[in-house]
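Participant: Here's a structure for you.
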Amino acid sequence: MTQAEKFERRICTQSLRQDLRVKSVRAAIFTGTGSAGDFVIRIVSTAVLARLVLPEHFGLVMMVTAVTGIADQLRELGLSTATVQQKEITHGQVTNLFWINTLCGVGVAGLICAFSPLVSDYYRDPRLTAITCVLSTNFLFDGLMVQHQALLTRQLKLGHISFIRLLTSAVSAVLGIVLAWKGFGYWALVWREVSRSVLVAAGMWICFPWIPGLPSRRTNVRKLLGFGANLTLANILTSLSAGVDRFLIGRVWGAVPVGIYRQGYQLIAVPTDQVPAPIYQVAQPGLCMLQADDSRYRRYYQKVLTLVCIIVMPVSLFVAAYSPEVTRVLLGRKWLDCAPILVILSFGAFIKQAVGSAAWVLITRGHAKTYLGITIVQNVTVILFMLVGVQWGIKGVALADLAASYLLIWPKLHYCLKDSPVSIGAFFAAIARPAFSSIAMYLALVLSRAVLPSLAAPASLSLGCLIAMMVFAGVWMIIPGGKAELTGIFSDFCHAIVRKAAPAKPAEAAVAVN
């Protein structure tokens with residue numbers, strides 16, 4: 001059997017299409033569990049490192065990641081998404097994409113090293129030259145695993161991906177903590193990131209042992225490159241917008257405010273970003289398979305959106321209500337200046353992921369050019385707001401991000417959902433229950449803090465969690481249709497866990513995602 005034949009057999013999606021609902025839910029369970037574990041590892045390791053490493057050292061690494069975060073989009077070139085989205089893809093096409101990703105990784109690493117002195121000059125800190133050069137090696141290893149991860153995602157083998165990322169997070173965290181304990185300072189943070197990239201690349205090759213062939217001019221990948229180019233430009237703009245806070249604060253106010261702002265940002269970004277990312281990995285193949293059936297596409301999207309909101313919305317408002325306690329427990333007393341920033345950013349996170357999911361509709365329906373246009377408008381708006389907000393320090397930057405997020409809700413929904421099976425009304429119907437229940441939960445938490453006596457931070461958080469769960473679930477149940485929706489979600493999970501994913505009959509395949 002040739003390499004191409006082995007490849008075709010390995011990526012066959014026939015059995016996947018036959019029982020999409022069960023396999024999607026199982027993949028979501030794996031990714032959710034893996035993300036939760038990864039979140040715990042990150043939080044625990046950050047809590048330990050925050051006590052071993054100075055805020056200035058965190059700031060140094062974060063100023064460099066503002067640069068590498070933008071360049072990171074050039075590593076993939078949007079080609080992982082292109083591989084997942086294609087209904088049929090050949091060994092030759094993926095081989096060519098692999099070499100393109102690899103060469104881009106090498107090129108980006110070289111460019112970042114070459115421009116590292118400029119990074120030091122911009123921030124006026126010579127230590128950043130060496131930090132930038134070492135962190136640039138991440139691109140070498142990341143480029144080698146883009147297509148392997150995409151092929152695992154295409155097969156919904158997200159349990160493999162989750163296990164790799166969980167294990168590598170744990171190993172790299174331990175390495176970082178040991179180095180920090182030994183007095184390596186900011187280098188402990190640097191080597192933690194580099195080791196994680198090396199281990200992730202090795203894990204992807206082990207779990208999907210595909211060996212690419214030699215690149216060929218006969219294999220046409222222009223359509224895939226065009227799709228990926230639009231996504232890449234959009235992702236670069238998004239990364240630029242995400243790094244603008246560090247650029248501006250670092251330039252105007254220095255390294256310490258950058259460390260304080262970004263630590264507060266990460267406390268809310270890690271849980272709210274990690275939830276939709278793995279869920280999107282599950283939803284993307286499913287939505288692509290349903291493009292020809294509008295009603296099923298809409299129902300699938302609404303279920304995914306509701307699931308995202310059930311987790312993101314209550315978590316964001318809980319963090320807003322208990323920001324001092326969250327900061328004190330996870331980072332320590334010396335980071336309490338993060339608490340006000342955390343409150344502001346949490347209110348933005350409440351709606352940001354839900355609105356951001358509308359872009360899934362554009363991408364899965366192949367409208368990458370429209371997605372690029374919307375991204376340009378969104379990120380230009382954010383940058384303009386932050387240019388004004390930075391004059392008032394880190395609070396001004398946080399308020400600018402919050403204002404831009406709410407200002408862009410309606411235009412983004414209008415252009416993302418236009419001429420699609422998902423209307424704006426269907427979008428708000430999907431988020432209504434989790435949003436209303438989360439707001440009621442937040443009000444109950446604020447009231448309980450005002451009435452109940454003060455407690456130590458861990459005890460206060462424990463009591464707050466109990467109140468939050470009771471109020472959120474109680475309000476959801478009394479909303480008309482809420483009980484039936486929760487029952488349906490619970491039934492899907494139980495069905496996926498208990499039932500073996502046996503090949504479905506043709507008639508069953510037609511209703512697998514209903």
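Residue names in the structure tokens use chain letters A, B, ... in the order shown, residue numbers from 1 in each chain, and ligand numbers from 1 in the order shown.
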Sort by chain and increasing residue number a table of all residues of stretch 101-152 of chain A within 9 Å of stretch 205-217 of chain A, each with its closest pair of atoms and their distance in Å to one decimal, counting only C-alpha atoms, and write it as a Markdown table.
Facilitator:
| residue | atom | partner | partner_atom | distance |
| --- | --- | --- | --- | --- |
| A:Leu144 | CA | A:Trp205 | CA | 8.8 |
| A:Met145 | CA | A:Trp205 | CA | 7.0 |
| A:His148 | CA | A:Phe208 | CA | 6.2 |
| A:Gln149 | CA | A:Phe208 | CA | 8.0 |
| A:Leu151 | CA | A:Phe208 | CA | 7.8 |
| A:Leu152 | CA | A:Phe208 | CA | 6.8 |
Participant: Neighbours of stretch 59-64 of chain A within 8 Å (only C-alpha atoms; same-chain residues fewer than 4 positions away dropped), as an NGL selection string?
Facilitator: :A and (55 or 68 or 119 or 128 or 131-132 or 186 or 189-190 or 246-247 or 250 or 255-260 or 262)
Participant: When you draw a straight line from atom CA of A:Val390 to atom CA of A:Thr272, how long is it in Å?
Facilitator: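 Spanning atom CA of A:Val390 to atom CA of A:Thr272 is a straight-line distance of 24.2 Å.
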Participant: Would you mind reading off the distance between atom CA of A:Thr375 and atom CA of A:Gln93, one decimal, in Å?
Facilitator: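 One can read the atom CA of A:Thr375 to atom CA of A:Gln93 distance as 28.1 Å.
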Participant: Can you tell me, as a list of chain:residue names, what residues are no more than 7 Å from A:Gly105 when counting only C-alpha atoms, ignoring any on the same chain fewer than 6 positions away?
Facilitator: A:Arg75, A:Phe139, A:Leu140, A:Asp142, A:Gly143
Participant: Based on the selection just made, write C-alpha atoms of those residues as a PDB file, in the first residue's frame.
Facilitator:
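Result saved to out.pdb:
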ATOM      1  CA  ARG A  75       3.173  30.094  11.149  1.00  0.00           C
ATOM      2  CA  PHE A 139       7.996  28.843  15.502  1.00  0.00           C
ATOM      3  CA  LEU A 140      10.369  26.131  14.297  1.00  0.00           C
ATOM      4  CA  ASP A 142       5.054  24.868  15.765  1.00  0.00           C
ATOM      5  CA  GLY A 143       5.423  24.839  11.982  1.00  0.00           C
TER       6      GLY A 143
END
Participant: Residues of stretch 210-301 of chain A classed as alpha helix (DSSP H) by DSSP on the backbone are to be reported as an MDAnalysis selection string.
Facilitator: chainID A and resid 222:252 255:274 276:289 294:301
Participant: Report as CSV the residues of stretch 241-332 of chain A within 12 Å of stretch 29-53 of chain A, each with its shortest atom pair and distance in Å (one decimal), using only C-alpha atoms, ordered by chain and increasing residue number.
Facilitator:
residue,atom,partner,partner_atom,distance
A:Gly259,CA,A:Ala50,CA,10.6
A:Ile260,CA,A:Ala50,CA,11.1
A:Gln263,CA,A:Thr46,CA,9.2
A:Gly264,CA,A:Thr46,CA,11.8
A:Gln266,CA,A:Ile43,CA,9.5
A:Leu267,CA,A:Ile43,CA,8.1
A:Ile268,CA,A:Ile43,CA,10.9
A:Ala269,CA,A:Phe39,CA,10.6
A:Val270,CA,A:Phe39,CA,6.9
A:Pro271,CA,A:Phe39,CA,6.8
A:Thr272,CA,A:Phe39,CA,10.3
A:Asp273,CA,A:Ser35,CA,10.0
A:Gln274,CA,A:Ser35,CA,6.3
A:Val275,CA,A:Gly32,CA,7.0
A:Pro276,CA,A:Gly32,CA,9.4
A:Ala277,CA,A:Thr31,CA,9.1
A:Pro278,CA,A:Thr31,CA,5.6
A:Ile279,CA,A:Thr31,CA,7.2
A:Tyr280,CA,A:Thr31,CA,10.0
A:Gln281,CA,A:Thr31,CA,8.7
A:Val282,CA,A:Thr31,CA,8.5
A:Ala283,CA,A:Thr31,CA,11.7
A:Leu307,CA,A:Gly32,CA,11.0
A:Val308,CA,A:Gly32,CA,10.8
A:Ile311,CA,A:Gly32,CA,10.6
A:Val326,CA,A:Ile43,CA,11.0
A:Thr327,CA,A:Ala47,CA,9.7
A:Arg328,CA,A:Ala47,CA,9.7
A:Val329,CA,A:Ala47,CA,8.1
A:Leu330,CA,A:Ala47,CA,5.1
A:Leu331,CA,A:Ala47,CA,5.0
A:Gly332,CA,A:Arg51,CA,7.3
Participant: Using only C-alpha atoms, which residue out of A:Ser405, A:Thr137, A:Gln391, A:Ser448 lies closest to A:Trp253?
Facilitator: A:Gln391
Participant: What lies within 8 Å of A:Val94 using only C-alpha atoms, ignoring chain neighbours under 5 positions off, as a VMD selection string?
Facilitator: chain A and resid 83 89 147 212
Participant: By how many Å are atom CA of A:Lys23 and atom CA of A:Lys157 apart?
Facilitator: 9.4 Å
Participant: Env of A:Ser169: 7 Å cut, atoms = only C-alpha atoms, seq-sep filter 2 positions within chain, self excluded. Answer as a list in words.
Facilitator: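 Counting only the stated atoms, we get Asp38, Ile41, Arg165, Leu166, Leu167, Val171, Ser172, Ala173 and Arg196 of chain A.
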Participant: Could you turn the residues from that selection into a file that holds C-alpha atoms, as a short mmCIF file (atom, residue, chain, number, x, y, z; two decimals), in the first residue's frame?
Facilitator:
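Below is the file again-v9.cif, written as the result:
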data_model
loop_
_atom_site.label_atom_id
_atom_site.label_comp_id
_atom_site.auth_asym_id
_atom_site.auth_seq_id
_atom_site.Cartn_x
_atom_site.Cartn_y
_atom_site.Cartn_z
CA ASP A 38 -4.89 22.64 31.43
CA ILE A 41 -2.26 23.57 35.67
CA ARG A 165 -1.57 19.61 25.60
CA LEU A 166 -2.44 18.60 29.16
CA LEU A 167 0.69 16.49 29.56
CA VAL A 171 5.80 19.01 32.25
CA SER A 172 6.66 22.54 31.11
CA ALA A 173 5.06 24.04 34.24
CA ARG A 196 6.02 23.30 25.79
#
Participant: Within 10 Å of A:Phe428, counting only C-alpha atoms, which residues show up once you throw out same-chain ones fewer than 4 positions away? Write them as a list of chain:residue names, please.
Facilitator: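 What passes the distance filter is A:Gln302, A:Leu305, A:Thr306, A:Ala354, A:Val355, A:Ser423, A:Ile424, A:Ala432, A:Arg433, A:Ala435.
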Participant: Write out, as a short mmCIF file (atom, residue, chain, number, x, y, z; two decimals), in the first residue's frame, the residues just selected, with N, CA and C atoms.
Facilitator:
data_model
loop_
_atom_site.label_atom_id
_atom_site.label_comp_id
_atom_site.auth_asym_id
_atom_site.auth_seq_id
_atom_site.Cartn_x
_atom_site.Cartn_y
_atom_site.Cartn_z
N GLN A 302 -26.80 26.90 17.42
CA GLN A 302 -27.44 27.38 18.64
C GLN A 302 -27.06 26.53 19.85
N LEU A 305 -23.48 27.47 20.76
CA LEU A 305 -23.45 28.81 21.34
C LEU A 305 -23.99 28.79 22.78
N THR A 306 -25.07 28.09 23.00
CA THR A 306 -25.64 28.01 24.35
C THR A 306 -24.65 27.35 25.30
N ALA A 354 -19.51 35.20 23.07
CA ALA A 354 -20.77 34.91 22.39
C ALA A 354 -20.83 35.63 21.04
N VAL A 355 -20.50 36.91 21.04
CA VAL A 355 -20.52 37.68 19.79
C VAL A 355 -19.44 37.17 18.83
N SER A 423 -30.21 33.71 12.11
CA SER A 423 -30.63 35.10 12.19
C SER A 423 -30.16 35.71 13.51
N ILE A 424 -30.24 37.04 13.59
CA ILE A 424 -29.89 37.72 14.84
C ILE A 424 -30.85 37.29 15.95
N ALA A 432 -30.10 33.94 25.52
CA ALA A 432 -30.99 34.63 26.47
C ALA A 432 -30.98 33.99 27.86
N ARG A 433 -31.16 32.67 27.92
CA ARG A 433 -31.23 32.02 29.24
C ARG A 433 -29.92 32.11 30.01
N ALA A 435 -27.57 34.29 29.72
CA ALA A 435 -27.29 35.69 30.04
C ALA A 435 -28.15 36.16 31.21
#
Participant: Using only C-alpha atoms, which protein or nucleic acid residues come within 10 Å of A:Tyr415? Drop anything in the same chain fewer than 3 positions from it, and give the result as a PyMOL selection string.
Facilitator: chain A and resi 358-359+362+370-371+373-374+410-412+418-420
Participant: Hey, can you spit out that residue selection with C-alpha atoms as a PDB file, in the first residue's frame?
Facilitator:
ATOM      1  CA  ALA A 358     -20.796  34.641  14.964  1.00  0.00           C
ATOM      2  CA  ALA A 359     -17.538  34.553  12.995  1.00  0.00           C
ATOM      3  CA  LEU A 362     -18.586  33.025   8.119  1.00  0.00           C
ATOM      4  CA  THR A 370     -15.995  38.896   4.555  1.00  0.00           C
ATOM      5  CA  TYR A 371     -14.464  37.719   7.816  1.00  0.00           C
ATOM      6  CA  GLY A 373     -13.308  42.860   6.357  1.00  0.00           C
ATOM      7  CA  ILE A 374     -15.167  42.589   9.663  1.00  0.00           C
ATOM      8  CA  TRP A 410     -24.717  44.917  16.557  1.00  0.00           C
ATOM      9  CA  PRO A 411     -22.594  45.605  13.440  1.00  0.00           C
ATOM     10  CA  LYS A 412     -20.615  42.415  13.938  1.00  0.00           C
ATOM     11  CA  LYS A 418     -26.322  38.195   7.032  1.00  0.00           C
ATOM     12  CA  ASP A 419     -27.675  35.749   4.409  1.00  0.00           C
ATOM     13  CA  SER A 420     -26.917  32.789   6.677  1.00  0.00           C
TER      14      SER A 420
END
Participant: Nearest to A:Ala468: which of A:Leu342, A:Ala456, A:Ile394, A:Val319 is it, counting only C-alpha atoms?
Facilitator: A:Val319
Participant: Looking at only C-alpha atoms, which of A:Ile310, A:Ala66, A:Asp401, A:Ile363 is the one that sits closest to A:Trp476?
Facilitator: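 When distances to A:Trp476 are compared using only C-alpha atoms, the smallest one comes from A:Ile310.
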Participant: Give the answer as one residue: which of A:Val312, A:Val380, A:Leu225, A:Ile439 has the shortest atom-to-atom distance to A:Leu240, using only C-alpha atoms?
Facilitator: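 Of A:Val312, A:Val380, A:Leu225, A:Ile439, the one nearest A:Leu240 is A:Val380, counting only C-alpha atoms.
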